[in-house]
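Take a look at the structure below.
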Amino acid sequence: MRTRSKAVPVTLAAAALAAMTVAAPASASSATAVTIKVERTYSQTMYENNSQFTCPPNQVLTGRSHYGDENRPTTYYCSTIFINGEQVQVHSGDWSAAQRESRSNYVAPLDQTLVGRWHDDDENGDTRYRTGALYWQNRQVRLTGAVWSVKYKESSHTTNAGHNQVMTGRLHSGDENGDTWYQYSTVTFAG
């Protein structure tokens with residue numbers, strides 16, 4: 001018995017082949033890139049003693065300067081964060097538990113940044129911190145690569161975050177002649 005082969009038209013064969021072709025999933029490297037910008041937008045100077053400071057809404061701490069003892073001014077520097085030109089929202093939380101300033105060591109919870117500081121009295125007084133979580137298009141923004149600054153003399157310093165960084169912690173030991181360090185983390189977003 002002999003079978004006859006039938007010719008399949010080229011267009012029908014091409015259509016059948018196209019129907020069977022499965023597209024490969026997009027790789028992680030082809031994800032849409034985002035542009036992050038941390039821009040200083042506000043500063044305020046106040047006396048260190050019995051002060052309570054919180055950055056304006058949707059801003060975060062990115063720097064601080066202090067010269068002198070607790071009866072001298074402190075300046076706080078706040079920044080606004082933009083992703084692809086759109087402002088990141090900051091959801092601020094409550095104040096932390098009080099720590100004695102002369103041996104304070106505070107680091108914000110994971111993926112949160114400092115937005116405020118409250119200080120009473122001298123180095124024997126209490127210090128508290130306020131943090132905030134960051135959101136862009138209803139998705140949480142990550143903070144990665146935490147690093148500690150160089151050591152500063154508390155009574156004579158100015159510190160500012162590096163490129164696309166925010167302040168996520170502070171450590172202080174002693175009085176105004178003691179040492180202060182700051183922790184900074186990088187703003188990141190994976191779409």
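Scheme for the structure tokens: letters A, B, ... for chains in order shown; per-chain residue numbers from 1; ligand numbers from 1 in order shown.
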Per DSSP on the backbone, what are the strand (DSSP E) residues of stretch 72-109 of chain A, as a tab-separated table (two decimals) with N, CA, C and O atoms, in the first residue's frame?
chain	number	residue	atom	x	y	z
A	73	PRO	N	23.09	76.37	68.57
A	73	PRO	CA	22.17	75.87	67.53
A	73	PRO	C	22.63	74.57	66.86
A	73	PRO	O	23.81	74.29	66.75
A	74	THR	N	21.63	73.86	66.42
A	74	THR	CA	21.79	72.68	65.55
A	74	THR	C	21.00	72.98	64.28
A	74	THR	O	19.90	73.52	64.35
A	75	THR	N	21.55	72.61	63.13
A	75	THR	CA	20.82	72.75	61.87
A	75	THR	C	20.54	71.36	61.32
A	75	THR	O	21.43	70.51	61.25
A	76	TYR	N	19.29	71.14	60.94
A	76	TYR	CA	18.88	69.89	60.30
A	76	TYR	C	18.64	70.17	58.83
A	76	TYR	O	18.07	71.19	58.46
A	77	TYR	N	19.08	69.22	57.97
A	77	TYR	CA	18.91	69.33	56.52
A	77	TYR	C	17.98	68.21	56.06
A	77	TYR	O	18.22	67.04	56.35
A	78	CYS	N	16.94	68.60	55.33
A	78	CYS	CA	15.95	67.65	54.84
A	78	CYS	C	15.96	67.63	53.32
A	78	CYS	O	16.26	68.63	52.68
A	79	SER	N	15.58	66.49	52.77
A	79	SER	CA	15.55	66.33	51.31
A	79	SER	C	14.26	65.67	50.88
A	79	SER	O	13.63	64.93	51.63
A	80	THR	N	13.92	65.93	49.63
A	80	THR	CA	12.79	65.29	48.96
A	80	THR	C	13.37	64.27	47.99
A	80	THR	O	14.38	64.53	47.34
A	81	ILE	N	12.72	63.12	47.90
A	81	ILE	CA	13.18	62.04	47.02
A	81	ILE	C	12.23	61.96	45.82
A	81	ILE	O	11.01	61.99	45.99
A	82	PHE	N	12.83	61.86	44.63
A	82	PHE	CA	12.05	61.71	43.40
A	82	PHE	C	12.48	60.43	42.68
A	82	PHE	O	13.67	60.14	42.60
A	83	ILE	N	11.50	59.72	42.15
A	83	ILE	CA	11.77	58.57	41.28
A	83	ILE	C	11.08	58.87	39.96
A	83	ILE	O	9.87	59.13	39.93
A	86	GLU	N	8.83	61.85	39.91
A	86	GLU	CA	7.64	61.86	40.77
A	86	GLU	C	8.06	61.75	42.23
A	86	GLU	O	8.89	60.92	42.60
A	87	GLN	N	7.47	62.59	43.09
A	87	GLN	CA	7.86	62.65	44.49
A	87	GLN	C	7.50	61.38	45.24
A	87	GLN	O	6.39	60.85	45.11
A	89	GLN	N	6.54	59.37	48.58
A	89	GLN	CA	5.75	59.67	49.77
A	89	GLN	C	6.44	59.10	51.01
A	89	GLN	O	6.97	57.99	50.96
A	90	VAL	N	6.42	59.86	52.11
A	90	VAL	CA	7.04	59.43	53.37
A	90	VAL	C	5.93	59.22	54.39
A	90	VAL	O	5.18	60.15	54.68
A	91	HIS	N	5.84	58.01	54.92
A	91	HIS	CA	4.84	57.68	55.94
A	91	HIS	C	5.57	57.66	57.29
A	91	HIS	O	6.22	56.67	57.63
A	92	SER	N	5.46	58.77	58.03
A	92	SER	CA	6.19	58.91	59.29
A	92	SER	C	5.52	58.10	60.40
A	92	SER	O	4.30	58.00	60.47
A	93	GLY	N	6.38	57.58	61.29
A	93	GLY	CA	5.90	56.80	62.42
A	93	GLY	C	5.98	57.59	63.72
A	93	GLY	O	6.13	58.82	63.72
A	94	ASP	N	5.90	56.88	64.82
A	94	ASP	CA	5.97	57.48	66.14
A	94	ASP	C	7.42	57.72	66.55
A	94	ASP	O	8.36	57.26	65.89
A	95	TRP	N	7.60	58.42	67.67
A	95	TRP	CA	8.94	58.66	68.22
A	95	TRP	C	9.47	57.39	68.86
A	95	TRP	O	8.71	56.60	69.44
A	99	GLN	N	16.62	57.56	74.76
A	99	GLN	CA	17.97	57.08	75.11
A	99	GLN	C	18.72	58.24	75.73
A	99	GLN	O	18.51	59.39	75.36
A	100	ARG	N	19.62	57.94	76.66
A	100	ARG	CA	20.48	58.99	77.19
A	100	ARG	C	21.42	59.43	76.09
A	100	ARG	O	22.10	58.62	75.48
A	103	ARG	N	25.22	58.30	75.56
A	103	ARG	CA	25.53	56.95	75.08
A	103	ARG	C	24.40	56.44	74.19
A	103	ARG	O	23.90	55.34	74.35
A	104	SER	N	24.02	57.28	73.25
A	104	SER	CA	22.90	56.93	72.37
A	104	SER	C	23.39	56.23	71.12
A	104	SER	O	24.46	56.53	70.61
A	105	ASN	N	22.59	55.28	70.66
A	105	ASN	CA	22.91	54.51	69.46
A	105	ASN	C	21.58	54.10	68.85
A	105	ASN	O	20.89	53.24	69.38
A	106	TYR	N	21.22	54.74	67.74
A	106	TYR	CA	19.92	54.44	67.13
A	106	TYR	C	20.09	54.17	65.64
A	106	TYR	O	20.75	54.93	64.93
A	107	VAL	N	19.46	53.09	65.18
A	107	VAL	CA	19.40	52.75	63.77
A	107	VAL	C	17.93	52.50	63.43
A	107	VAL	O	17.23	51.76	64.14
List the spatial neighbours of A:Val166 as a PyMOL selection string - criterion: any atom at most 7 Å away, only C-alpha atoms, same-chain residues fewer than 6 positions off excluded. chain A and resi 61-62+113+184-186
Length of the atom CA of A:Arg40 to atom CA of A:Ala161 vector [Å]: 10.0 Å
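Between A:Ser149 and the candidates A:Gly63, A:Cys55, A:Ser96, A:Trp136, the tightest atom-to-atom separation, counting only C-alpha atoms, involves A:Gly63.
Counting only C-alpha atoms and comparing A:Asn164, A:Leu143, A:His157, A:Val34, the residue that lies closest to A:Gly85 is A:Val34.
Within 8 Å of A:Ala98, once only C-alpha atoms are used and residues closer than 6 positions along the same chain are dropped, the contacting residues are A:Asp126, A:Thr127, A:Arg128.
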Using only C-alpha atoms, the shortest atom-to-atom distance to A:His119 among A:Tyr42, A:Phe189, A:Trp181, A:Phe53 belongs to A:Phe53
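When atom CA of A:Leu114 is paired with atom CA of A:Ala146, their separation reads 13.0 Å.
Atom pair atom CA of A:Pro57 / atom CA of A:Leu171: separated by 25.0 Å.
Closest approach to A:Asp122 among A:Asn71, A:Thr45, A:Thr158, A:Gln59: A:Asn71, based on only C-alpha atoms.
Here the question is which of A:Arg72, A:Asn84, A:Ile36, A:Asn138 gets nearest to A:Asn49 using only C-alpha atoms, and that residue is A:Arg72.
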Can you tell me, as number ranges by chain, what residues are no more than 12 Å from A:Asn177 when counting only C-alpha atoms, ignoring any on the same chain fewer than 4 positions away? A: 66-70, 102, 123, 151-157, 172-173
Generate a file of the selected residues that holds all heavy atoms, formatted as a CSV table (one decimal), in the first residue's frame.
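To be explicit, this is the file written out as out-v6.csv:
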chain,number,residue,atom,x,y,z
A,66,HIS,N,26.3,70.9,64.0
A,66,HIS,CA,26.2,71.4,65.3
A,66,HIS,C,27.5,72.0,65.7
A,66,HIS,O,28.6,71.3,65.5
A,66,HIS,CB,25.8,70.3,66.3
A,66,HIS,CG,25.6,70.8,67.7
A,66,HIS,ND1,24.6,71.6,68.1
A,66,HIS,CD2,26.4,70.6,68.8
A,66,HIS,CE1,24.8,71.9,69.4
A,66,HIS,NE2,25.9,71.3,69.8
A,67,TYR,N,27.5,73.2,66.4
A,67,TYR,CA,28.7,73.8,66.8
A,67,TYR,C,28.5,74.3,68.2
A,67,TYR,O,27.5,75.1,68.4
A,67,TYR,CB,29.1,74.9,65.9
A,67,TYR,CG,29.6,74.4,64.5
A,67,TYR,CD1,28.6,74.2,63.5
A,67,TYR,CD2,30.9,74.0,64.3
A,67,TYR,CE1,29.0,73.6,62.3
A,67,TYR,CE2,31.3,73.5,63.1
A,67,TYR,CZ,30.4,73.3,62.1
A,67,TYR,OH,30.7,72.7,60.9
A,68,GLY,N,29.3,73.9,69.2
A,68,GLY,CA,29.1,74.3,70.6
A,68,GLY,C,28.5,73.2,71.4
A,68,GLY,O,28.4,72.1,71.1
A,69,ASP,N,28.0,73.7,72.6
A,69,ASP,CA,27.3,72.7,73.5
A,69,ASP,C,25.8,72.7,73.3
A,69,ASP,O,25.3,73.2,72.3
A,69,ASP,CB,27.7,73.1,75.0
A,69,ASP,CG,27.1,74.4,75.5
A,69,ASP,OD1,26.3,75.1,74.7
A,69,ASP,OD2,27.5,74.9,76.6
A,70,GLU,N,25.1,72.2,74.3
A,70,GLU,CA,23.6,72.1,74.1
A,70,GLU,C,22.9,73.4,74.1
A,70,GLU,O,21.7,73.5,73.7
A,70,GLU,CB,23.0,71.2,75.2
A,70,GLU,CG,23.1,71.8,76.6
A,70,GLU,CD,24.5,71.5,77.3
A,70,GLU,OE1,25.3,70.8,76.7
A,70,GLU,OE2,24.6,72.0,78.4
A,102,SER,N,24.3,60.8,76.0
A,102,SER,CA,25.7,60.6,76.2
A,102,SER,C,26.2,59.2,75.8
A,102,SER,O,27.4,58.9,75.7
A,102,SER,CB,26.2,60.9,77.6
A,102,SER,OG,25.5,60.0,78.5
A,123,GLU,N,23.9,66.4,77.8
A,123,GLU,CA,24.3,65.0,77.4
A,123,GLU,C,23.7,64.0,78.3
A,123,GLU,O,23.6,62.8,78.0
A,123,GLU,CB,25.8,64.8,77.3
A,123,GLU,CG,26.5,65.0,78.7
A,123,GLU,CD,26.9,66.5,79.0
A,123,GLU,OE1,26.5,67.4,78.2
A,123,GLU,OE2,27.5,66.7,80.0
A,151,LYS,N,34.2,59.6,62.1
A,151,LYS,CA,33.9,60.1,63.4
A,151,LYS,C,34.0,61.7,63.4
A,151,LYS,O,34.9,62.3,62.9
A,151,LYS,CB,34.9,59.6,64.4
A,151,LYS,CG,34.8,60.1,65.8
A,151,LYS,CD,35.8,59.4,66.7
A,151,LYS,CE,37.2,59.6,66.3
A,151,LYS,NZ,38.2,59.0,67.2
A,152,TYR,N,33.0,62.3,64.0
A,152,TYR,CA,32.9,63.8,64.1
A,152,TYR,C,33.0,64.1,65.6
A,152,TYR,O,32.4,63.4,66.5
A,152,TYR,CB,31.6,64.3,63.6
A,152,TYR,CG,31.4,64.2,62.1
A,152,TYR,CD1,30.6,63.1,61.6
A,152,TYR,CD2,32.0,65.0,61.2
A,152,TYR,CE1,30.4,63.0,60.2
A,152,TYR,CE2,31.8,64.9,59.8
A,152,TYR,CZ,31.0,63.8,59.4
A,152,TYR,OH,30.8,63.7,58.0
A,153,LYS,N,33.6,65.3,65.9
A,153,LYS,CA,33.5,65.9,67.2
A,153,LYS,C,32.1,66.5,67.3
A,153,LYS,O,31.8,67.4,66.5
A,153,LYS,CB,34.6,66.9,67.5
A,153,LYS,CG,34.5,67.5,68.9
A,153,LYS,CD,35.7,68.4,69.1
A,153,LYS,CE,35.7,69.0,70.5
A,153,LYS,NZ,36.8,70.0,70.7
A,154,GLU,N,31.3,66.2,68.3
A,154,GLU,CA,29.9,66.7,68.3
A,154,GLU,C,29.8,68.2,68.3
A,154,GLU,O,28.9,68.7,67.6
A,154,GLU,CB,29.2,66.1,69.6
A,154,GLU,CG,27.8,66.6,69.8
A,154,GLU,CD,26.7,66.3,68.7
A,154,GLU,OE1,27.0,65.4,67.9
A,154,GLU,OE2,25.7,67.0,68.7
A,155,SER,N,30.7,68.9,69.0
A,155,SER,CA,30.6,70.3,69.1
A,155,SER,C,31.2,71.1,67.9
A,155,SER,O,31.2,72.3,67.9
A,155,SER,CB,31.4,70.8,70.3
A,155,SER,OG,32.7,70.5,70.2
A,156,SER,N,31.6,70.4,66.9
A,156,SER,CA,32.2,71.1,65.7
A,156,SER,C,32.1,70.2,64.5
A,156,SER,O,33.1,69.7,64.0
A,156,SER,CB,33.6,71.4,66.0
A,156,SER,OG,34.2,72.1,65.0
A,157,HIS,N,30.9,70.1,63.9
A,157,HIS,CA,30.8,69.3,62.7
A,157,HIS,C,29.6,69.7,61.8
A,157,HIS,O,28.6,70.2,62.3
A,157,HIS,CB,30.7,67.8,63.0
A,157,HIS,CG,29.4,67.3,63.5
A,157,HIS,ND1,28.9,67.5,64.8
A,157,HIS,CD2,28.4,66.7,62.8
A,157,HIS,CE1,27.7,67.0,64.9
A,157,HIS,NE2,27.4,66.5,63.7
A,172,HIS,N,26.2,58.5,69.4
A,172,HIS,CA,26.9,59.6,70.1
A,172,HIS,C,27.4,59.1,71.4
A,172,HIS,O,26.7,58.4,72.1
A,172,HIS,CB,26.0,60.8,70.3
A,172,HIS,CG,26.7,61.8,71.1
A,172,HIS,ND1,27.8,62.6,70.6
A,172,HIS,CD2,26.5,62.3,72.3
A,172,HIS,CE1,28.2,63.4,71.5
A,172,HIS,NE2,27.4,63.2,72.6
A,173,SER,N,28.6,59.5,71.8
A,173,SER,CA,29.2,59.1,73.0
A,173,SER,C,29.8,60.3,73.7
A,173,SER,O,30.6,61.0,73.1
A,173,SER,CB,30.3,58.0,72.8
A,173,SER,OG,30.9,57.7,74.0
Nearest residue to A:Val60 out of A:Gly178, A:Pro109, A:Gly116, A:Gly162, using only C-alpha atoms? A:Gly116
